[in-house]
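Engineer: Let me begin by handing over the structure; questions about it come next.
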Amino acid sequence: MGKKNTPGLKTNGKKKRFARIIVVSALIVTAAAAAAGFARYKSSSVTEYTVVASIGNEPIQYGEFALVRDMLRSTAKPEELDAKTLERVKELKTEQLWAKEKGLAAGGLGFGDFEKRWRQENARRKAAADHGEPVYGPVSYDQAGYYRYEQSNLQLRLKEALAGQDFAAGDAELQAAYERMKDDRFMRPSKIRLQLLSAENSESGAGKLNRAAARLKAGEDFESLAGQADSGLAAEARWFEPADRKADAERYPALLQEAEGLQPGQMSGVIGEGERLYIIRCTERGKAEYEPFEDVKERVRILYTDERYAAELATRMSRTEIIVTKPPSSEGETGIIK
């Protein structure tokens with residue numbers, strides 16, 4: 001009798017093990033589905049209007065953060081992207097709040113306000129184009145393009161206002177700014193006279209000029225080296241005139257760049273320019289001259305305003321905290337970025 005029952009017992013055990021496998025598999029599938037559902041819940045819990053950070057009492061919504069992040073995506077490493085985006089948003093929002101303080105903001109600073117202005121501007125442009133009226137710029141902006149356009153215009157309005165108010169400068173201040181800037185901004189190109197020794201642009205030509213350079217340093221002159229039979233070298237003199245600087249920069253960019261750095265008596269190494277290789281020596285430089293203050297006064301005013309603006313913006317940002325209330329890419333605790 002016991003032997004007859006054994007097959008029955010084994011079959012029942014197999015059924016139980018099979019049932020357990022089915023239950024475990026079902027639990028795994030259920031857990032995976034729950035995780036997927038939770039992931040979808042997390043992603044859907046953040047909308048364009050979700051507040052992810054704030055500066056003072058001004059909220060920063062996810063739509064603006066995402067827009068700025070997309071603009072920076074090609075310039076930052078993936079692991080640094082969110083931090084760089086928050087820093088850039090902090091700068092942009094600081095400018096917006098500054099403009100609001102001066103009564104220059106175009107409207108509300110929220111992302112929904114921006115979207116409304118974007119749609120209205122595109123509708124205005126489309127209507128103008130449909131009626132054959134001139135439309136300056138694109139007929140339709142994408143969001144990123146309009147964000148940049150609006151921020152640029154806001155910055156211009158703010159600088160113009162500040163130039164006549166907080167940053168107003170008299171002649172004495174502008175003159176002092178001119179003196180500080182003139183070497184970098186307002187120096188006229190000086191007249192440069194050069195001696196040139198050239199050879200064909202080839203390995204052989206480079207060898208000839210390198211050998212010639214040693215002899216030039218020993219005291220031989222350009223003309224005598226070029227005048228030797230079968231030297232393969234040519235000598236000439238050339239002036240770079242201030243009035244021709246733009247044309248010369250296009251025709252002889254490498255020569256002119258080297259010449260700008262030479263003082264009388266100094267000699268270059270071998271320079272490639274088109275089909276020729278050159279060694280040049282500066283033999284004369286005209287005295288440096290500057291554009292007169294009165295001729296560039298308004299340019300100085302703009303540069304002075306830009307300097308003051310950059311300094312004030314940096315000060316405002318140093319005093320500003322951006323409080324991250326909902327990390328944009330992942331869950332986490334509230335944080336502060338100074």
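By order in the structure tokens, chains are A, B, ...; within a chain, residues start at 1; ligands start at 1, following the order shown.
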Mind checking which residues fall within 9 Å of region 138-141 of chain A, counting only C-alpha atoms, ignoring those fewer than 2 positions away in the same chain, and posting them as an MDAnalysis selection string?

Structural biologist: chainID A and resid 118:119 121:123 125:126 128:129 135:136 143:146

Engineer: Please dump the current selection as a short mmCIF file (atom, residue, chain, number, x, y, z; two decimals), in the first residue's frame; keep N, CA, C and O atoms.

Structural biologist:
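So again15.cif came out as:
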```
data_model
loop_
_atom_site.label_atom_id
_atom_site.label_comp_id
_atom_site.auth_asym_id
_atom_site.auth_seq_id
_atom_site.Cartn_x
_atom_site.Cartn_y
_atom_site.Cartn_z
N TRP A 118 5.30 85.17 -24.76
CA TRP A 118 5.86 84.47 -25.93
C TRP A 118 4.77 84.20 -26.96
O TRP A 118 4.94 84.49 -28.15
N ARG A 119 3.64 83.68 -26.52
CA ARG A 119 2.54 83.38 -27.45
C ARG A 119 1.97 84.67 -28.05
O ARG A 119 1.66 84.73 -29.25
N GLU A 121 3.55 87.49 -28.55
CA GLU A 121 4.53 88.05 -29.50
C GLU A 121 4.50 87.28 -30.82
O GLU A 121 4.54 87.87 -31.90
N ASN A 122 4.42 85.96 -30.74
CA ASN A 122 4.35 85.16 -31.97
C ASN A 122 3.06 85.44 -32.73
O ASN A 122 3.06 85.50 -33.97
N ALA A 123 1.95 85.63 -32.00
CA ALA A 123 0.68 85.95 -32.66
C ALA A 123 0.76 87.31 -33.34
O ALA A 123 0.27 87.49 -34.47
N ARG A 125 3.47 88.80 -34.49
CA ARG A 125 4.35 88.69 -35.65
C ARG A 125 3.66 87.98 -36.81
O ARG A 125 3.81 88.37 -37.96
N LYS A 126 2.90 86.94 -36.50
CA LYS A 126 2.19 86.21 -37.56
C LYS A 126 1.15 87.11 -38.22
O LYS A 126 1.01 87.13 -39.45
N ALA A 128 1.20 90.37 -38.41
CA ALA A 128 1.90 91.36 -39.23
C ALA A 128 2.35 90.76 -40.55
O ALA A 128 2.20 91.36 -41.62
N ALA A 129 2.91 89.55 -40.49
CA ALA A 129 3.37 88.88 -41.72
C ALA A 129 2.20 88.59 -42.64
O ALA A 129 2.30 88.75 -43.87
N VAL A 135 8.35 92.46 -40.61
CA VAL A 135 8.60 91.76 -39.35
C VAL A 135 10.11 91.68 -39.19
O VAL A 135 10.79 91.07 -40.01
N TYR A 136 10.62 92.30 -38.15
CA TYR A 136 12.07 92.30 -37.91
C TYR A 136 12.43 91.09 -37.05
O TYR A 136 11.88 90.90 -35.97
N GLN A 143 10.72 78.86 -27.84
CA GLN A 143 10.78 79.36 -26.46
C GLN A 143 12.16 79.87 -26.08
O GLN A 143 12.30 80.93 -25.47
N ALA A 144 13.20 79.11 -26.43
CA ALA A 144 14.56 79.50 -26.06
C ALA A 144 14.94 80.82 -26.73
O ALA A 144 15.55 81.70 -26.10
N GLY A 145 14.59 80.95 -28.00
CA GLY A 145 14.92 82.17 -28.73
C GLY A 145 14.23 83.39 -28.13
O GLY A 145 14.84 84.46 -27.99
N TYR A 146 12.96 83.23 -27.75
CA TYR A 146 12.25 84.37 -27.17
C TYR A 146 12.75 84.67 -25.77
O TYR A 146 12.82 85.84 -25.38
#
```

Engineer: Compile the contact shell of Lys297 (chain A) as a PyMOL selection string: residues with an atom at most 10 Å away, counting only C-alpha atoms, same-chain residues fewer than 5 positions apart removed.

Structural biologist: chain A and resi 171+174-175+177-178+292+302-303

Engineer: Please identify which residues in region 267-316 of chain A DSSP calls helix (DSSP H, G or I) from the backbone, and express them as a PDB file with N, CA, C and O atoms, in the first residue's frame.

Structural biologist:
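And here's part26.pdb as it stands now:
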```
ATOM      1  N   PHE A 293      39.788 111.591 -26.807  1.00  0.00           N
ATOM      2  CA  PHE A 293      38.695 111.355 -25.864  1.00  0.00           C
ATOM      3  C   PHE A 293      37.365 111.853 -26.411  1.00  0.00           C
ATOM      4  O   PHE A 293      36.347 111.152 -26.323  1.00  0.00           O
ATOM      5  N   GLU A 294      37.332 113.034 -26.960  1.00  0.00           N
ATOM      6  CA  GLU A 294      36.073 113.607 -27.441  1.00  0.00           C
ATOM      7  C   GLU A 294      35.466 112.766 -28.564  1.00  0.00           C
ATOM      8  O   GLU A 294      34.253 112.714 -28.715  1.00  0.00           O
ATOM      9  N   ASP A 295      36.329 112.112 -29.352  1.00  0.00           N
ATOM     10  CA  ASP A 295      35.825 111.287 -30.454  1.00  0.00           C
ATOM     11  C   ASP A 295      35.192 109.978 -29.968  1.00  0.00           C
ATOM     12  O   ASP A 295      34.358 109.387 -30.676  1.00  0.00           O
ATOM     13  N   VAL A 296      35.604 109.522 -28.797  1.00  0.00           N
ATOM     14  CA  VAL A 296      35.136 108.215 -28.319  1.00  0.00           C
ATOM     15  C   VAL A 296      34.366 108.323 -27.007  1.00  0.00           C
ATOM     16  O   VAL A 296      34.106 107.315 -26.346  1.00  0.00           O
ATOM     17  N   LYS A 297      33.975 109.531 -26.663  1.00  0.00           N
ATOM     18  CA  LYS A 297      33.338 109.772 -25.361  1.00  0.00           C
ATOM     19  C   LYS A 297      32.116 108.894 -25.133  1.00  0.00           C
ATOM     20  O   LYS A 297      31.937 108.314 -24.044  1.00  0.00           O
ATOM     21  N   GLU A 298      31.259 108.747 -26.121  1.00  0.00           N
ATOM     22  CA  GLU A 298      30.053 107.939 -25.943  1.00  0.00           C
ATOM     23  C   GLU A 298      30.382 106.456 -25.846  1.00  0.00           C
ATOM     24  O   GLU A 298      29.713 105.711 -25.125  1.00  0.00           O
ATOM     25  N   ARG A 299      31.399 106.014 -26.553  1.00  0.00           N
ATOM     26  CA  ARG A 299      31.842 104.627 -26.400  1.00  0.00           C
ATOM     27  C   ARG A 299      32.380 104.394 -24.992  1.00  0.00           C
ATOM     28  O   ARG A 299      32.144 103.334 -24.397  1.00  0.00           O
ATOM     29  N   VAL A 300      33.101 105.368 -24.463  1.00  0.00           N
ATOM     30  CA  VAL A 300      33.609 105.262 -23.093  1.00  0.00           C
ATOM     31  C   VAL A 300      32.441 105.168 -22.109  1.00  0.00           C
ATOM     32  O   VAL A 300      32.467 104.372 -21.170  1.00  0.00           O
ATOM     33  N   ARG A 301      31.394 105.971 -22.354  1.00  0.00           N
ATOM     34  CA  ARG A 301      30.236 105.956 -21.461  1.00  0.00           C
ATOM     35  C   ARG A 301      29.581 104.560 -21.439  1.00  0.00           C
ATOM     36  O   ARG A 301      29.213 104.048 -20.383  1.00  0.00           O
ATOM     37  N   ILE A 302      29.467 103.947 -22.611  1.00  0.00           N
ATOM     38  CA  ILE A 302      28.877 102.601 -22.694  1.00  0.00           C
ATOM     39  C   ILE A 302      29.752 101.592 -21.955  1.00  0.00           C
ATOM     40  O   ILE A 302      29.258 100.757 -21.177  1.00  0.00           O
ATOM     41  N   LEU A 303      31.064 101.658 -22.174  1.00  0.00           N
ATOM     42  CA  LEU A 303      31.974 100.727 -21.513  1.00  0.00           C
ATOM     43  C   LEU A 303      31.994 100.951 -20.001  1.00  0.00           C
ATOM     44  O   LEU A 303      32.066  99.992 -19.223  1.00  0.00           O
ATOM     45  N   TYR A 304      31.934 102.208 -19.596  1.00  0.00           N
ATOM     46  CA  TYR A 304      31.894 102.550 -18.171  1.00  0.00           C
ATOM     47  C   TYR A 304      30.634 101.970 -17.528  1.00  0.00           C
ATOM     48  O   TYR A 304      30.682 101.378 -16.446  1.00  0.00           O
ATOM     49  N   THR A 305      29.505 102.111 -18.222  1.00  0.00           N
ATOM     50  CA  THR A 305      28.238 101.548 -17.729  1.00  0.00           C
ATOM     51  C   THR A 305      28.329 100.038 -17.638  1.00  0.00           C
ATOM     52  O   THR A 305      27.880  99.431 -16.657  1.00  0.00           O
ATOM     53  N   ASP A 306      28.918  99.404 -18.657  1.00  0.00           N
ATOM     54  CA  ASP A 306      29.078  97.942 -18.645  1.00  0.00           C
ATOM     55  C   ASP A 306      29.913  97.496 -17.441  1.00  0.00           C
ATOM     56  O   ASP A 306      29.593  96.482 -16.796  1.00  0.00           O
ATOM     57  N   GLU A 307      30.985  98.225 -17.153  1.00  0.00           N
ATOM     58  CA  GLU A 307      31.831  97.886 -16.005  1.00  0.00           C
ATOM     59  C   GLU A 307      31.056  97.993 -14.702  1.00  0.00           C
ATOM     60  O   GLU A 307      31.106  97.086 -13.859  1.00  0.00           O
ATOM     61  N   ARG A 308      30.350  99.105 -14.531  1.00  0.00           N
ATOM     62  CA  ARG A 308      29.574  99.313 -13.301  1.00  0.00           C
ATOM     63  C   ARG A 308      28.466  98.267 -13.170  1.00  0.00           C
ATOM     64  O   ARG A 308      28.184  97.773 -12.077  1.00  0.00           O
ATOM     65  N   TYR A 309      27.846  97.953 -14.295  1.00  0.00           N
ATOM     66  CA  TYR A 309      26.762  96.966 -14.307  1.00  0.00           C
ATOM     67  C   TYR A 309      27.283  95.604 -13.858  1.00  0.00           C
ATOM     68  O   TYR A 309      26.673  94.935 -13.011  1.00  0.00           O
ATOM     69  N   ALA A 310      28.399  95.166 -14.453  1.00  0.00           N
ATOM     70  CA  ALA A 310      28.969  93.858 -14.117  1.00  0.00           C
ATOM     71  C   ALA A 310      29.353  93.799 -12.636  1.00  0.00           C
ATOM     72  O   ALA A 310      29.120  92.779 -11.966  1.00  0.00           O
ATOM     73  N   ALA A 311      29.926  94.887 -12.115  1.00  0.00           N
ATOM     74  CA  ALA A 311      30.337  94.913 -10.710  1.00  0.00           C
ATOM     75  C   ALA A 311      29.125  94.860  -9.781  1.00  0.00           C
ATOM     76  O   ALA A 311      29.120  94.133  -8.782  1.00  0.00           O
ATOM     77  N   GLU A 312      28.091  95.623 -10.116  1.00  0.00           N
ATOM     78  CA  GLU A 312      26.888  95.644  -9.271  1.00  0.00           C
ATOM     79  C   GLU A 312      26.155  94.304  -9.331  1.00  0.00           C
ATOM     80  O   GLU A 312      25.648  93.821  -8.308  1.00  0.00           O
ATOM     81  N   LEU A 313      26.093  93.700 -10.526  1.00  0.00           N
ATOM     82  CA  LEU A 313      25.439  92.398 -10.650  1.00  0.00           C
ATOM     83  C   LEU A 313      26.169  91.350  -9.810  1.00  0.00           C
ATOM     84  O   LEU A 313      25.538  90.541  -9.122  1.00  0.00           O
ATOM     85  N   ALA A 314      27.507  91.385  -9.846  1.00  0.00           N
ATOM     86  CA  ALA A 314      28.291  90.439  -9.047  1.00  0.00           C
ATOM     87  C   ALA A 314      28.031  90.643  -7.560  1.00  0.00           C
ATOM     88  O   ALA A 314      27.908  89.674  -6.796  1.00  0.00           O
ATOM     89  N   THR A 315      27.922  91.900  -7.134  1.00  0.00           N
ATOM     90  CA  THR A 315      27.639  92.202  -5.726  1.00  0.00           C
ATOM     91  C   THR A 315      26.269  91.685  -5.321  1.00  0.00           C
ATOM     92  O   THR A 315      26.104  91.071  -4.267  1.00  0.00           O
ATOM     93  N   ARG A 316      25.272  91.946  -6.174  1.00  0.00           N
ATOM     94  CA  ARG A 316      23.911  91.478  -5.872  1.00  0.00           C
ATOM     95  C   ARG A 316      23.854  89.958  -5.805  1.00  0.00           C
ATOM     96  O   ARG A 316      23.181  89.387  -4.939  1.00  0.00           O
TER      97      ARG A 316
END
```

Engineer: In Å to one decimal, how far is CA of Arg148 (chain A) from CA of Glu91 (chain A)?

Structural biologist: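 Spanning CA of Glu91 (chain A) to CA of Arg148 (chain A) is a straight-line distance of 13.4 Å.
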
Engineer: Between A:Val51, A:Val89, A:Met267, A:Ala229, single out the one closest to Tyr147 (chain A), counting only C-alpha atoms.

Structural biologist: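 Under the stated criterion, the closest residue is A:Val89.
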